[in-house]
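Asker: PDB, C-alpha atoms and all ligand atoms, file coords.pdb:
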ATOM      1  CA  MET A   1      72.843 175.518 171.301
ATOM      2  CA  LEU A   2      72.302 172.036 169.905
ATOM      3  CA  HIS A   3      68.795 170.603 170.007
ATOM      4  CA  ALA A   4      68.460 166.914 170.807
ATOM      5  CA  GLU A   5      66.915 165.246 167.758
ATOM      6  CA  THR A   6      63.587 163.630 168.594
ATOM      7  CA  LYS A   7      63.596 160.137 167.184
ATOM      8  CA  ARG A   8      60.305 159.197 165.556
ATOM      9  CA  VAL A   9      59.345 155.597 166.189
ATOM     10  CA  LYS A  10      57.274 153.809 163.561
ATOM     11  CA  VAL A  11      54.201 152.007 164.844
ATOM     12  CA  ALA A  12      52.225 149.373 162.919
ATOM     13  CA  LEU A  13      48.683 148.469 163.932
ATOM     14  CA  ILE A  14      47.791 144.973 162.773
ATOM     15  CA  THR A  15      44.219 143.791 163.252
ATOM     16  CA  GLY A  16      43.649 140.068 163.635
ATOM     17  CA  ALA A  17      47.179 139.465 164.927
ATOM     18  CA  SER A  18      46.153 136.262 166.714
ATOM     19  CA  GLY A  19      45.459 134.634 163.329
ATOM     20  CA  GLY A  20      47.918 132.847 161.048
ATOM     21  CA  ILE A  21      48.602 135.763 158.694
ATOM     22  CA  GLY A  22      48.304 138.535 161.307
ATOM     23  CA  ALA A  23      50.825 136.819 163.599
ATOM     24  CA  SER A  24      53.321 136.563 160.769
ATOM     25  CA  VAL A  25      52.751 140.194 159.710
ATOM     26  CA  SER A  26      53.277 141.347 163.307
ATOM     27  CA  LYS A  27      56.603 139.480 163.580
ATOM     28  CA  THR A  28      57.760 140.679 160.148
ATOM     29  CA  PHE A  29      57.121 144.353 160.984
ATOM     30  CA  SER A  30      58.692 143.969 164.420
ATOM     31  CA  ALA A  31      61.820 142.465 162.858
ATOM     32  CA  LYS A  32      62.017 145.594 160.671
ATOM     33  CA  GLY A  33      62.023 147.844 163.757
ATOM     34  CA  TYR A  34      58.357 148.777 164.108
ATOM     35  CA  VAL A  35      56.574 148.978 167.452
ATOM     36  CA  ILE A  36      53.607 146.640 167.093
ATOM     37  CA  ILE A  37      50.038 147.181 168.227
ATOM     38  CA  ALA A  38      48.626 143.693 167.815
ATOM     39  CA  HIS A  39      44.842 143.606 167.847
ATOM     40  CA  TYR A  40      42.929 140.362 168.364
ATOM     41  CA  GLY A  41      39.384 139.169 168.969
ATOM     42  CA  SER A  42      39.008 136.308 171.426
ATOM     43  CA  ARG A  43      42.108 134.078 171.133
ATOM     44  CA  THR A  44      44.095 135.554 174.029
ATOM     45  CA  SER A  45      46.584 132.666 174.198
ATOM     46  CA  LYS A  46      47.514 133.043 170.497
ATOM     47  CA  ALA A  47      47.873 136.808 170.925
ATOM     48  CA  ASN A  48      50.071 136.312 173.999
ATOM     49  CA  GLU A  49      52.270 133.944 171.962
ATOM     50  CA  VAL A  50      52.771 136.640 169.308
ATOM     51  CA  ALA A  51      53.672 139.243 171.946
ATOM     52  CA  ARG A  52      56.066 136.812 173.663
ATOM     53  CA  ASP A  53      57.831 135.999 170.351
ATOM     54  CA  ILE A  54      58.203 139.689 169.528
ATOM     55  CA  GLU A  55      59.487 140.621 172.981
ATOM     56  CA  ALA A  56      61.889 137.640 172.988
ATOM     57  CA  SER A  57      63.437 139.113 169.824
ATOM     58  CA  GLY A  58      63.832 142.518 171.470
ATOM     59  CA  GLY A  59      60.702 144.129 169.981
ATOM     60  CA  ILE A  60      57.808 146.002 171.572
ATOM     61  CA  CYS A  61      54.267 144.692 171.283
ATOM     62  CA  TYR A  62      51.052 146.137 172.730
ATOM     63  CA  LEU A  63      48.089 143.754 172.750
ATOM     64  CA  VAL A  64      44.581 145.137 172.314
ATOM     65  CA  SER A  65      41.475 142.965 172.213
ATOM     66  CA  SER A  66      38.177 144.159 170.761
ATOM     67  CA  ASP A  67      35.221 142.721 168.888
ATOM     68  CA  LEU A  68      35.248 144.310 165.434
ATOM     69  CA  SER A  69      31.736 143.090 164.654
ATOM     70  CA  THR A  70      30.392 145.876 166.880
ATOM     71  CA  ASP A  71      30.596 149.660 166.569
ATOM     72  CA  THR A  72      31.756 149.939 170.185
ATOM     73  CA  GLY A  73      34.515 147.362 169.522
ATOM     74  CA  VAL A  74      35.816 149.485 166.645
ATOM     75  CA  SER A  75      35.681 152.746 168.617
ATOM     76  CA  ASP A  76      37.276 151.068 171.622
ATOM     77  CA  LEU A  77      40.213 149.941 169.456
ATOM     78  CA  ILE A  78      40.565 153.481 168.061
ATOM     79  CA  ASP A  79      40.578 154.952 171.593
ATOM     80  CA  ARG A  80      43.157 152.475 172.844
ATOM     81  CA  VAL A  81      45.489 153.079 169.901
ATOM     82  CA  LYS A  82      45.221 156.857 170.441
ATOM     83  CA  LYS A  83      46.011 156.371 174.130
ATOM     84  CA  ILE A  84      49.184 154.372 173.325
ATOM     85  CA  LEU A  85      50.238 157.075 170.852
ATOM     86  CA  SER A  86      49.546 159.952 173.260
ATOM     87  CA  GLU A  87      51.455 158.267 176.084
ATOM     88  CA  ASN A  88      54.483 157.807 173.809
ATOM     89  CA  PRO A  89      55.131 161.124 172.028
ATOM     90  CA  THR A  90      57.897 159.675 169.827
ATOM     91  CA  TYR A  91      55.519 157.077 168.373
ATOM     92  CA  HIS A  92      53.774 157.783 165.083
ATOM     93  CA  LEU A  93      51.244 155.537 163.401
ATOM     94  CA  SER A  94      53.070 154.604 160.241
ATOM     95  CA  THR A  95      51.072 151.615 159.001
ATOM     96  CA  LEU A  96      47.524 150.347 159.501
ATOM     97  CA  ILE A  97      46.993 146.781 158.341
ATOM     98  CA  ASN A  98      43.325 145.830 158.123
ATOM     99  CA  ASN A  99      43.761 142.069 158.332
ATOM    100  CA  ALA A 100      41.108 140.781 160.778
ATOM    101  CA  ALA A 101      38.281 138.960 159.073
ATOM    102  CA  LYS A 102      35.585 136.377 159.444
ATOM    103  CA  LEU A 103      36.340 133.591 156.951
ATOM    104  CA  LEU A 104      34.232 130.782 155.412
ATOM    105  CA  SER A 105      30.750 132.312 155.322
ATOM    106  CA  PRO A 106      27.567 130.236 154.938
ATOM    107  CA  SER A 107      26.110 129.390 151.510
ATOM    108  CA  PHE A 108      23.617 131.726 149.810
ATOM    109  CA  ALA A 109      20.625 129.615 150.912
ATOM    110  CA  GLU A 110      21.770 129.355 154.516
ATOM    111  CA  THR A 111      22.810 132.985 155.045
ATOM    112  CA  GLU A 112      20.736 134.814 157.669
ATOM    113  CA  TYR A 113      20.482 138.612 157.976
ATOM    114  CA  SER A 114      22.666 138.432 161.080
ATOM    115  CA  ASP A 115      25.390 136.463 159.214
ATOM    116  CA  PHE A 116      25.398 139.011 156.399
ATOM    117  CA  ASP A 117      25.659 141.879 158.886
ATOM    118  CA  SER A 118      28.499 140.332 160.890
ATOM    119  CA  TYR A 119      30.661 139.462 157.820
ATOM    120  CA  ILE A 120      30.235 142.958 156.433
ATOM    121  CA  ALA A 121      30.821 144.491 159.880
ATOM    122  CA  VAL A 122      34.159 142.765 160.514
ATOM    123  CA  ASN A 123      35.500 142.540 156.952
ATOM    124  CA  THR A 124      34.372 145.866 155.470
ATOM    125  CA  LYS A 125      32.838 148.248 157.988
ATOM    126  CA  ALA A 126      35.598 147.886 160.619
ATOM    127  CA  PRO A 127      38.403 148.753 158.120
ATOM    128  CA  PHE A 128      36.304 151.754 156.941
ATOM    129  CA  PHE A 129      35.742 153.210 160.423
ATOM    130  CA  LEU A 130      39.146 152.247 161.837
ATOM    131  CA  THR A 131      40.715 154.197 159.003
ATOM    132  CA  GLN A 132      38.314 157.110 159.517
ATOM    133  CA  GLY A 133      39.082 157.179 163.253
ATOM    134  CA  LEU A 134      42.844 156.854 163.013
ATOM    135  CA  ILE A 135      43.636 158.914 159.947
ATOM    136  CA  GLU A 136      44.240 162.071 162.002
ATOM    137  CA  ASN A 137      47.102 160.178 163.662
ATOM    138  CA  MET A 138      48.733 159.396 160.309
ATOM    139  CA  SER A 139      50.864 161.795 158.314
ATOM    140  CA  THR A 140      52.761 161.988 155.031
ATOM    141  CA  GLY A 141      54.555 158.726 154.295
ATOM    142  CA  ALA A 142      52.119 156.619 156.295
ATOM    143  CA  CYS A 143      50.165 153.881 154.587
ATOM    144  CA  ILE A 144      47.280 151.478 154.856
ATOM    145  CA  VAL A 145      47.310 147.898 153.621
ATOM    146  CA  ASN A 146      44.025 146.008 153.413
ATOM    147  CA  VAL A 147      44.007 142.224 153.290
ATOM    148  CA  SER A 148      41.570 141.143 150.603
ATOM    149  CA  SER A 149      41.070 137.675 149.139
ATOM    150  CA  ALA A 150      41.106 135.901 145.793
ATOM    151  CA  SER A 151      37.417 135.242 146.517
ATOM    152  CA  ALA A 152      36.722 138.860 145.580
ATOM    153  CA  HIS A 153      37.805 138.034 142.016
ATOM    154  CA  PHE A 154      35.675 135.051 141.059
ATOM    155  CA  SER A 155      32.310 133.623 141.992
ATOM    156  CA  SER A 156      32.410 131.754 145.300
ATOM    157  CA  PRO A 157      28.777 130.875 145.987
ATOM    158  CA  GLY A 158      29.861 128.647 148.874
ATOM    159  CA  ASP A 159      31.306 131.711 150.632
ATOM    160  CA  ILE A 160      29.148 134.379 149.062
ATOM    161  CA  THR A 161      28.991 136.933 151.888
ATOM    162  CA  TYR A 162      32.734 136.652 152.507
ATOM    163  CA  ALA A 163      33.395 137.238 148.780
ATOM    164  CA  ILE A 164      31.103 140.296 148.743
ATOM    165  CA  SER A 165      32.762 141.706 151.874
ATOM    166  CA  LYS A 166      36.212 141.455 150.271
ATOM    167  CA  ALA A 167      35.049 142.958 146.948
ATOM    168  CA  ALA A 168      33.754 145.916 148.978
ATOM    169  CA  LEU A 169      37.093 146.133 150.829
ATOM    170  CA  GLU A 170      38.846 146.474 147.460
ATOM    171  CA  SER A 171      36.464 149.278 146.514
ATOM    172  CA  LEU A 172      37.285 150.956 149.832
ATOM    173  CA  THR A 173      40.984 150.594 148.966
ATOM    174  CA  ARG A 174      40.558 152.400 145.626
ATOM    175  CA  ASN A 175      38.436 155.176 147.100
ATOM    176  CA  LEU A 176      40.737 155.816 150.060
ATOM    177  CA  ALA A 177      43.787 155.840 147.771
ATOM    178  CA  GLU A 178      42.364 158.863 145.953
ATOM    179  CA  LEU A 179      41.016 160.547 149.078
ATOM    180  CA  LEU A 180      44.233 160.253 151.084
ATOM    181  CA  ALA A 181      46.752 160.886 148.302
ATOM    182  CA  PRO A 182      46.762 164.679 148.900
ATOM    183  CA  ARG A 183      47.937 163.927 152.440
ATOM    184  CA  GLY A 184      50.767 161.686 151.153
ATOM    185  CA  ILE A 185      49.155 158.535 152.540
ATOM    186  CA  ARG A 186      49.126 155.456 150.305
ATOM    187  CA  VAL A 187      46.426 152.762 150.390
ATOM    188  CA  ASN A 188      46.884 149.336 148.825
ATOM    189  CA  ALA A 189      45.699 145.765 149.273
ATOM    190  CA  VAL A 190      47.117 142.281 149.054
ATOM    191  CA  ILE A 191      45.151 139.400 147.596
ATOM    192  CA  PRO A 192      45.951 136.118 149.307
ATOM    193  CA  GLY A 193      44.510 132.827 148.115
ATOM    194  CA  PHE A 194      44.476 129.771 150.326
ATOM    195  CA  THR A 195      47.135 130.393 152.974
ATOM    196  CA  ASP A 196      48.114 127.986 155.729
ATOM    197  CA  ASN A 197      46.898 129.890 158.785
ATOM    198  CA  GLY A 198      47.179 126.906 161.117
ATOM    199  CA  HIS A 199      43.575 125.761 160.603
ATOM    200  CA  PRO A 200      43.424 121.924 160.937
ATOM    201  CA  GLY A 201      42.044 121.715 157.361
ATOM    202  CA  PHE A 202      45.558 122.438 156.043
ATOM    203  CA  ASP A 203      46.687 119.059 157.476
ATOM    204  CA  LYS A 204      44.066 117.114 155.482
ATOM    205  CA  LYS A 205      45.257 115.800 152.121
ATOM    206  CA  PRO A 206      41.924 116.027 150.231
ATOM    207  CA  VAL A 207      41.386 119.575 151.508
ATOM    208  CA  LEU A 208      44.901 120.592 150.538
ATOM    209  CA  GLU A 209      44.517 118.987 147.077
ATOM    210  CA  TYR A 210      41.256 120.866 146.516
ATOM    211  CA  MET A 211      42.801 124.185 147.607
ATOM    212  CA  SER A 212      45.821 123.529 145.415
ATOM    213  CA  THR A 213      43.661 123.408 142.252
ATOM    214  CA  PHE A 214      42.954 127.139 142.583
ATOM    215  CA  SER A 215      46.533 128.337 142.101
ATOM    216  CA  VAL A 216      48.274 128.116 138.726
ATOM    217  CA  LEU A 217      51.486 127.663 140.724
ATOM    218  CA  GLY A 218      49.860 124.838 142.720
ATOM    219  CA  GLY A 219      49.917 124.448 146.491
ATOM    220  CA  VAL A 220      48.907 127.020 149.068
ATOM    221  CA  SER A 221      50.712 130.102 150.390
ATOM    222  CA  GLU A 222      52.672 130.486 153.594
ATOM    223  CA  PRO A 223      51.688 133.401 155.876
ATOM    224  CA  GLU A 224      55.273 134.736 155.650
ATOM    225  CA  THR A 225      54.851 135.269 151.886
ATOM    226  CA  VAL A 226      51.752 137.361 152.496
ATOM    227  CA  ALA A 227      53.558 139.263 155.267
ATOM    228  CA  ASP A 228      56.499 140.059 152.954
ATOM    229  CA  ALA A 229      54.112 141.425 150.305
ATOM    230  CA  ILE A 230      52.395 143.597 152.920
ATOM    231  CA  PHE A 231      55.762 144.869 154.109
ATOM    232  CA  PHE A 232      56.710 145.737 150.526
ATOM    233  CA  LEU A 233      53.501 147.769 150.145
ATOM    234  CA  ALA A 234      54.227 149.546 153.431
ATOM    235  CA  SER A 235      57.841 150.309 152.586
ATOM    236  CA  ASP A 236      59.434 153.113 150.604
ATOM    237  CA  LYS A 237      60.226 150.582 147.876
ATOM    238  CA  SER A 238      56.590 151.014 146.800
ATOM    239  CA  LYS A 239      56.439 154.761 147.382
ATOM    240  CA  ARG A 240      54.825 155.375 143.954
ATOM    241  CA  THR A 241      52.221 152.633 144.456
ATOM    242  CA  THR A 242      48.725 153.426 145.652
ATOM    243  CA  GLY A 243      45.228 152.114 144.970
ATOM    244  CA  THR A 244      46.529 148.804 143.754
ATOM    245  CA  PHE A 245      46.257 145.113 144.573
ATOM    246  CA  LEU A 246      49.169 142.731 144.923
ATOM    247  CA  ASP A 247      48.314 139.116 144.158
ATOM    248  CA  VAL A 248      49.897 136.630 146.546
ATOM    249  CA  SER A 249      47.448 133.876 145.680
ATOM    250  CA  GLY A 250      49.740 131.977 143.329
ATOM    251  CA  GLY A 251      47.696 133.313 140.417
ATOM    252  CA  SER A 252      44.371 131.993 141.745
ATOM    253  CA  ILE A 253      42.681 135.130 140.445
ATOM    254  CA  LEU A 254      43.574 134.144 136.873
ATOM    255  CA  GLY A 255      40.532 131.903 137.024
ATOM    256  CA  ALA A 256      42.367 128.843 135.686
ATOM    257  CA  ARG A 257      41.719 125.444 137.211
ATOM    258  CA  ALA A 258      43.829 122.288 137.182
ATOM    259  CA  GLY A 259      43.098 120.126 134.142
ATOM    260  CA  ARG A 260      41.580 122.956 132.149
ATOM    261  CA  LYS A 261      42.395 123.154 128.428
ATOM    262  CA  HIS A 262      44.159 126.342 127.383
ATOM    263  CA  SER A 263      41.848 126.866 124.449
ATOM    264  CA  VAL A 264      38.793 125.269 122.959
ATOM    265  CA  LYS A 265      41.066 124.775 119.906
ATOM    266  CA  GLU A 266      42.652 121.851 121.783
ATOM    267  CA  LEU A 267      39.303 120.057 121.606
ATOM    268  CA  LEU A 268      38.497 120.787 117.955
TER     269      LEU A 268
HETATM  270  N1  LIG A 301      43.990 131.894 155.162
HETATM  271  C1  LIG A 301      43.497 131.989 153.943
HETATM  272  O1  LIG A 301      43.381 130.977 153.210
HETATM  273  C2  LIG A 301      43.102 133.335 153.390
HETATM  274  C3  LIG A 301      42.802 133.442 152.022
HETATM  275  C4  LIG A 301      42.470 134.688 151.500
HETATM  276  C5  LIG A 301      42.425 135.803 152.318
HETATM  277  N2  LIG A 301      42.703 135.658 153.642
HETATM  278  C6  LIG A 301      42.591 136.862 154.470
HETATM  279  O2  LIG A 301      43.734 137.001 155.301
HETATM  280  C7  LIG A 301      43.373 137.673 156.524
HETATM  281  C8  LIG A 301      43.882 136.883 157.715
HETATM  282  O3  LIG A 301      43.293 135.609 157.670
HETATM  283  P1  LIG A 301      43.897 134.341 158.462
HETATM  284  O4  LIG A 301      43.978 133.243 157.486
HETATM  285  O5  LIG A 301      45.082 134.730 159.236
HETATM  286  O6  LIG A 301      42.630 134.027 159.407
HETATM  287  P2  LIG A 301      42.564 133.545 160.917
HETATM  288  O7  LIG A 301      43.742 132.736 161.264
HETATM  289  O8  LIG A 301      41.183 132.956 161.055
HETATM  290  O9  LIG A 301      42.609 134.932 161.708
HETATM  291  C9  LIG A 301      41.542 135.834 161.665
HETATM  292  C10 LIG A 301      41.841 136.975 162.623
HETATM  293  O10 LIG A 301      40.718 137.890 162.602
HETATM  294  C11 LIG A 301      40.286 138.096 163.933
HETATM  295  N3  LIG A 301      38.834 138.274 163.983
HETATM  296  C12 LIG A 301      37.868 137.544 163.393
HETATM  297  N4  LIG A 301      36.647 137.996 163.759
HETATM  298  C13 LIG A 301      36.862 139.043 164.603
HETATM  299  C14 LIG A 301      36.019 139.924 165.335
HETATM  300  N5  LIG A 301      34.681 139.835 165.296
HETATM  301  N6  LIG A 301      36.588 140.872 166.110
HETATM  302  C15 LIG A 301      37.931 140.971 166.185
HETATM  303  N7  LIG A 301      38.784 140.175 165.536
HETATM  304  C16 LIG A 301      38.255 139.222 164.759
HETATM  305  C17 LIG A 301      40.652 136.814 164.676
HETATM  306  O11 LIG A 301      40.740 137.088 166.088
HETATM  307  P3  LIG A 301      40.516 135.922 167.206
HETATM  308  O12 LIG A 301      40.827 134.618 166.563
HETATM  309  O13 LIG A 301      41.436 136.321 168.308
HETATM  310  O14 LIG A 301      39.077 136.039 167.613
HETATM  311  C18 LIG A 301      42.006 136.508 164.065
HETATM  312  O15 LIG A 301      43.005 137.262 164.691
HETATM  313  C19 LIG A 301      41.844 137.814 156.485
HETATM  314  O16 LIG A 301      41.518 139.117 156.051
HETATM  315  C20 LIG A 301      41.419 136.808 155.433
HETATM  316  O17 LIG A 301      40.197 137.146 154.813
HETATM  317  C21 LIG A 301      43.044 134.465 154.210
END
Take the structure in this file and express it as structure tokens.
Answerer:
Amino acid sequence: MLHAETKRVKVALITGASGGIGASVSKTFSAKGYVIIAHYGSRTSKANEVARDIEASGGICYLVSSDLSTDTGVSDLIDRVKKILSENPTYHLSTLINNAAKLLSPSFAETEYSDFDSYIAVNTKAPFFLTQGLIENMSTGACIVNVSSASAHFSSPGDITYAISKAALESLTRNLAELLAPRGIRVNAVIPGFTDNGHPGFDKKPVLEYMSTFSVLGGVSEPETVADAIFFLASDKSKRTTGTFLDVSGGSILGARAGRKHSVKELL
């Protein structure tokens, strides 16, 4: 007797899917055949737009809203993802993309205890506990991609708590890569620099010129470029890659700045 083959359907959970990068990542993974669980915080209209775009292209998108600055928001997201998976036995959680973040933190002098706690909660603690809560739903071949930032690689006193939160996320990436390797689960991160996420600042020439000085390639990134890098890290093309960091910041982490001399020798 022939047994009907059960088709396993790949699911990608993307946090922060209502944002510029998360929206693009959601559409990229959907176009590659993944069922999308698109998490968002408070921008329901942006999240609805993402779901509409995906469904218009023939994809499947579940929207889940939760506040990742709170422990209950994180556990609620875990519960809702598990519910979707249990109601659809062919689904398996193939990729977790920890993308949601609070950006542009206050300066060192202006940072309050509550600011520090909320940046760390959303940017570091939520990826930690989301992974802990969902790992039992992931099996060999699954992977996690964390979205870091170039800010983790140089001093950014103007955004100090944000920079610290992303440096900690990279440490989490390394540690989880070793911990989860025996289960065949890879953990990597991408490092975007300034990326046009639709914030009105990207339409202002002086702002854009300032941001452009960070990248040795000049300019800022498009969300699609970050999404493609994340997809690469989630795909079998990177099956021997774990615990690493893919720069999509146009070389911002090289620490060079426009107008800089290449060596003090040029001044001697
Ligand atoms: N854009 C850049 O220049 C840049 C540079 C380096 C790294 N990155 C990284 O790229 C990732 C995506 O950034 P983006 O540029 O796409 O930012 P964005 O457009 O501001 O989107 C941020 C996303 O995070 C969600 N979020 C924020 N706080 C949350 C909370 N408390 N609970 C739940 N969700 C929350 C937002 O949800 P709602 O809006 O629905 O509340 C939104 O979906 C982040 O990890 C960021 O650090 C961005």
Asker: Give me, as a ChimeraX atom specification, the set of residues whose atoms come within 8 Å of any atom of ligand LIG 301 (chain A), counting only C-alpha atoms and all ligand atoms.
Answerer: /A:15-23,39-44,46-47,65-70,73,98-103,118,122-123,146-151,162,166,191-199,220-221,223,249
Asker: With distances taken over all atoms listed in the file, which of A:Ala163, A:Leu63, A:Ala31, A:Val226 is nearest to Leu104 (chain A)?
Answerer: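 Selected residue with least distance to Leu104 (chain A): A:Ala163.
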Asker: So how many Å separate CA of Gly259 (chain A) and CA of Pro206 (chain A), to one decimal?
Answerer: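 If I compute the distance from CA of Gly259 (chain A) to CA of Pro206 (chain A), I get 16.6 Å.
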Asker: How far is it from CA of Cys143 (chain A) to CA of Ser57 (chain A), in Å with one decimal?
Answerer: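 That distance, rounded to one decimal, is 25.0 Å.
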Asker: If the PyMOL selection byres (((chain A and resi 229) around 10) and not hetatm) is run on the structure shown, which residues does it catch, given as a ChimeraX atom specification?
Answerer: /A:25,145,189-192,224-228,230-235,246-248
Asker: Suppose you want the space between CA of Gly158 (chain A) and CA of Ser215 (chain A); what is it in Å?
Answerer: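 Here the two named atoms are 18.0 Å from each other.
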Asker: Please identify all polymer residues within 10 Å of Lys7 (chain A), counting all atoms listed in the file, omitting same-chain residues fewer than 3 positions from it, and present them as a PyMOL selection string.
Answerer: chain A and resi 4+10+89-91
Asker: Nearest to Gly251 (chain A) among A:Gly184, A:His153, A:Ile164, A:Ala121, with distances taken over all atoms listed in the file: which residue is it?
Answerer: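 Checking each of A:Gly184, A:His153, A:Ile164, A:Ala121 against Gly251 (chain A), counting all atoms listed in the file, the winner is A:His153.
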Asker: Near Leu172 (chain A), counting all atoms listed in the file, which residues have an atom at most 10 Å away, once you skip same-chain residues fewer than 3 positions from it, shown as a list in words?
Answerer: Thr124, Lys125, Pro127, Phe128, Asn146, Lys166, Ala167, Ala168, Leu169, Asn175, Leu176, Ala177, Val187, Asn188, Ala189 and Gly243 of chain A
Asker: Those same residues, written as a tab-separated table (two decimals), in the frame of the given file with C-alpha atoms?
Answerer:
chain	number	residue	atom	x	y	z
A	124	THR	CA	34.37	145.87	155.47
A	125	LYS	CA	32.84	148.25	157.99
A	127	PRO	CA	38.40	148.75	158.12
A	128	PHE	CA	36.30	151.75	156.94
A	146	ASN	CA	44.02	146.01	153.41
A	166	LYS	CA	36.21	141.46	150.27
A	167	ALA	CA	35.05	142.96	146.95
A	168	ALA	CA	33.75	145.92	148.98
A	169	LEU	CA	37.09	146.13	150.83
A	175	ASN	CA	38.44	155.18	147.10
A	176	LEU	CA	40.74	155.82	150.06
A	177	ALA	CA	43.79	155.84	147.77
A	187	VAL	CA	46.43	152.76	150.39
A	188	ASN	CA	46.88	149.34	148.82
A	189	ALA	CA	45.70	145.76	149.27
A	243	GLY	CA	45.23	152.11	144.97
Asker: Using only C-alpha atoms, which of A:Glu266, A:Thr213, A:Phe29, A:Arg240 sits nearest Gly59 (chain A)?
Answerer: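 Once distances to Gly59 (chain A) are computed over only C-alpha atoms, the minimum belongs to A:Phe29.
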Asker: Determine, counting only C-alpha atoms, every residue of protein, DNA or RNA that lies within 9 Å of (47.5, 150.0, 172.7) in the file coordinates, then give the result as a PyMOL selection string.
Answerer: chain A and resi 13+36-39+61-64+77+79-85
Asker: Take the residues from that selection and write them out as a PDB file, in the coordinates of the input, keeping C-alpha atoms.
Answerer:
ATOM      1  CA  LEU A  13      48.683 148.469 163.932  1.00  0.00           C
ATOM      2  CA  ILE A  36      53.607 146.640 167.093  1.00  0.00           C
ATOM      3  CA  ILE A  37      50.038 147.181 168.227  1.00  0.00           C
ATOM      4  CA  ALA A  38      48.626 143.693 167.815  1.00  0.00           C
ATOM      5  CA  HIS A  39      44.842 143.606 167.847  1.00  0.00           C
ATOM      6  CA  CYS A  61      54.267 144.692 171.283  1.00  0.00           C
ATOM      7  CA  TYR A  62      51.052 146.137 172.730  1.00  0.00           C
ATOM      8  CA  LEU A  63      48.089 143.754 172.750  1.00  0.00           C
ATOM      9  CA  VAL A  64      44.581 145.137 172.314  1.00  0.00           C
ATOM     10  CA  LEU A  77      40.213 149.941 169.456  1.00  0.00           C
ATOM     11  CA  ASP A  79      40.578 154.952 171.593  1.00  0.00           C
ATOM     12  CA  ARG A  80      43.157 152.475 172.844  1.00  0.00           C
ATOM     13  CA  VAL A  81      45.489 153.079 169.901  1.00  0.00           C
ATOM     14  CA  LYS A  82      45.221 156.857 170.441  1.00  0.00           C
ATOM     15  CA  LYS A  83      46.011 156.371 174.130  1.00  0.00           C
ATOM     16  CA  ILE A  84      49.184 154.372 173.325  1.00  0.00           C
ATOM     17  CA  LEU A  85      50.238 157.075 170.852  1.00  0.00           C
TER      18      LEU A  85
END
Asker: Set the distance at 9 Å and use only C-alpha atoms: which residues neighbour Leu134 (chain A) once local chain neighbours fewer than 3 positions away are removed? I'd like the list as a count of residues only.
Answerer: 10
Asker: Evaluated on this file, the PyMOL selection byres (((chain A and resi 214) around 8) and not hetatm) picks out some residues - which ones are they, written as a PyMOL selection string?
Answerer: chain A and resi 210-213+215-216+218+252+255-258
Asker: Given 3 Å on each side, where is the centre and what are the edge lengths in Å to one decimal of the axis-aligned box enclosing the listed atoms of region 113-129 of chain A, as AutoDock Vina command-line options?
Answerer:
--center_x 29.4 --center_y 144.8 --center_z 158.3 --size_x 23.9 --size_y 22.7 --size_z 11.6
